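> For reference, the structure I am asking about is given below.
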Amino acid sequence: MSTSSLRLGVNIDHVATIRNARGGQHPDPVRAAEMAAKAGADGITAHLREDRRHISDGDIDRLMGAITLPLNLEMAATDEMLAIALRHRPHACCLVPERREELTTEGGLDAAAQHNHLAPYVGQLVDAGIRVSLFVNPDRIQLAVAKAMGAQVVELHTGAFCDAVNEGRAEDAASELERLRIASREGREMGLEMHAGHGITFESVGPVASIPEFVELNIGHFLIGEAIFGGLDSTIRRMRALMDQARSSSTQIA
């Protein structure tokens with residue numbers, strides 16, 4: 001891990017999206033995971049969706065056998081996904097909302113409203129020795145419920161902030177960034193390990209990475225898309241450098 005103590009998790013889902021568009025075995029998400037490790041990633045994230053639109057069961061099988069980095073398995077809270085997670089026992093599982101008609105994860109889990117449904121899944125994963133994360137919006141109630149369920153980690157949804165940056169809405173970006181800052185502090189005070197992810201680009205990573213409570217950023221779609229123009233290795237290395245620069249600068253200011 002970088003001396004910045006800010007880990008980079010690389011999500012390889014959309015390597016599989018490209019592969020599945022044509023069928024066959026190319027490009028191989030496992031190869032992408034191996035390249036990400038060499039380029040400076042600290043972990044690999046893969047979302048095994050119920051509809052298998054990108055990552056497949058076979059990809060998870062091969063990732064577990066091929067990579068030495070920790071695997072973070074994103075999953076819906078269903079009996080099928082629980083059985084898969086308990087069979088493979090990845091380093092971590094991140095419970096995420098999932099709707100078949102969505103193009104990507106559109107927001108965080110409503111952990112408060114779904115407490116009775118989510119809590120048994122969290123408990124079984126924790127009992128199996130798997131580190132459990134909930135993907136939630138930056139909201140104190142969601143953090144408190146995640147903690148009460150027994151989750152060790154919360155990943156804050158950064159989509160609203162990143163969208164505001166991308167669209168040039170400066171006031172909205174500042175407001176959303178403050179929400180992330182407040183929630184990250186509140187979560188850390190509750191004893192949660194704080195992660196962040198969704199929609200992060202070269203332009204938006206700096207402010208997120210400078211929040212000292214975050215220990216991991218998970219980034220996928222942008223890295224895979226940008227790799228078309230600059231290559232996966234150099235794209236990950238640039239993101240890693242921007243993260244380190246932002247964390248170093250924030251530490252010096254503090």
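Just remember, in the structure tokens the first chain shown is A, the second B, etc., residues are 1-based per chain, and ligands are 1-based in the order shown.
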How would you write, as a VMD selection string, the set of residues in range 24-74 of chain A that DSSP gives as helix (DSSP H, G or I)?
chain A and resid 29 to 39 57 to 66
> List every residue of range 13-66 of chain A that DSSP, applied to the backbone of this structure, assigns to strand (DSSP E), and report them as a PyMOL selection string.
chain A and resi 43-47
> Kindly save the residues from that selection, with all heavy atoms included, as a JSON list (two decimals), in the first residue's frame.

[["chain", "number", "residue", "atom", "x", "y", "z"],
["A", 43, "GLY", "N", -6.16, -3.26, -4.19],
["A", 43, "GLY", "CA", -7.19, -4.27, -4.12],
["A", 43, "GLY", "C", -7.97, -4.30, -5.42],
["A", 43, "GLY", "O", -7.86, -3.39, -6.25],
["A", 44, "ILE", "N", -8.74, -5.36, -5.61],
["A", 44, "ILE", "CA", -9.57, -5.53, -6.81],
["A", 44, "ILE", "C", -11.02, -5.65, -6.37],
["A", 44, "ILE", "O", -11.35, -6.39, -5.43],
["A", 44, "ILE", "CB", -9.17, -6.79, -7.60],
["A", 44, "ILE", "CG1", -7.71, -6.69, -8.06],
["A", 44, "ILE", "CG2", -10.11, -7.00, -8.78],
["A", 44, "ILE", "CD1", -7.41, -5.54, -8.99],
["A", 45, "THR", "N", -11.87, -4.91, -7.06],
["A", 45, "THR", "CA", -13.31, -4.97, -6.80],
["A", 45, "THR", "C", -14.01, -5.56, -8.01],
["A", 45, "THR", "O", -13.67, -5.23, -9.16],
["A", 45, "THR", "CB", -13.87, -3.56, -6.50],
["A", 45, "THR", "OG1", -13.35, -3.11, -5.24],
["A", 45, "THR", "CG2", -15.39, -3.58, -6.42],
["A", 46, "ALA", "N", -14.98, -6.42, -7.77],
["A", 46, "ALA", "CA", -15.79, -7.00, -8.84],
["A", 46, "ALA", "C", -17.21, -7.16, -8.34],
["A", 46, "ALA", "O", -17.42, -7.64, -7.22],
["A", 46, "ALA", "CB", -15.23, -8.35, -9.29],
["A", 47, "HIS", "N", -18.18, -6.74, -9.15],
["A", 47, "HIS", "CA", -19.60, -6.81, -8.79],
["A", 47, "HIS", "C", -20.24, -7.96, -9.57],
["A", 47, "HIS", "O", -20.39, -7.87, -10.78],
["A", 47, "HIS", "CB", -20.27, -5.48, -9.12],
["A", 47, "HIS", "CG", -21.72, -5.41, -8.74],
["A", 47, "HIS", "ND1", -22.49, -4.28, -8.97],
["A", 47, "HIS", "CD2", -22.55, -6.32, -8.16],
["A", 47, "HIS", "CE1", -23.72, -4.50, -8.54],
["A", 47, "HIS", "NE2", -23.78, -5.74, -8.05]]
> Closest to Ala174 in chain A among A:Asp110, A:Val208, A:Ala196, A:Leu134, using only C-alpha atoms?
A:Val208
> Can you tell me how far CA of Met64 in chain A sits from CA of His88 in chain A, in Å to one decimal?
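Straight-line distance from CA of Met64 in chain A to CA of His88 in chain A works out to 7.3 Å.
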> So which one's closest to Asp244 in chain A, A:Gly220, A:Pro207, A:Pro97, A:Gly129? Using only C-alpha atoms, please.
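Using only C-alpha atoms, the shortest distance to Asp244 in chain A belongs to A:Pro207.
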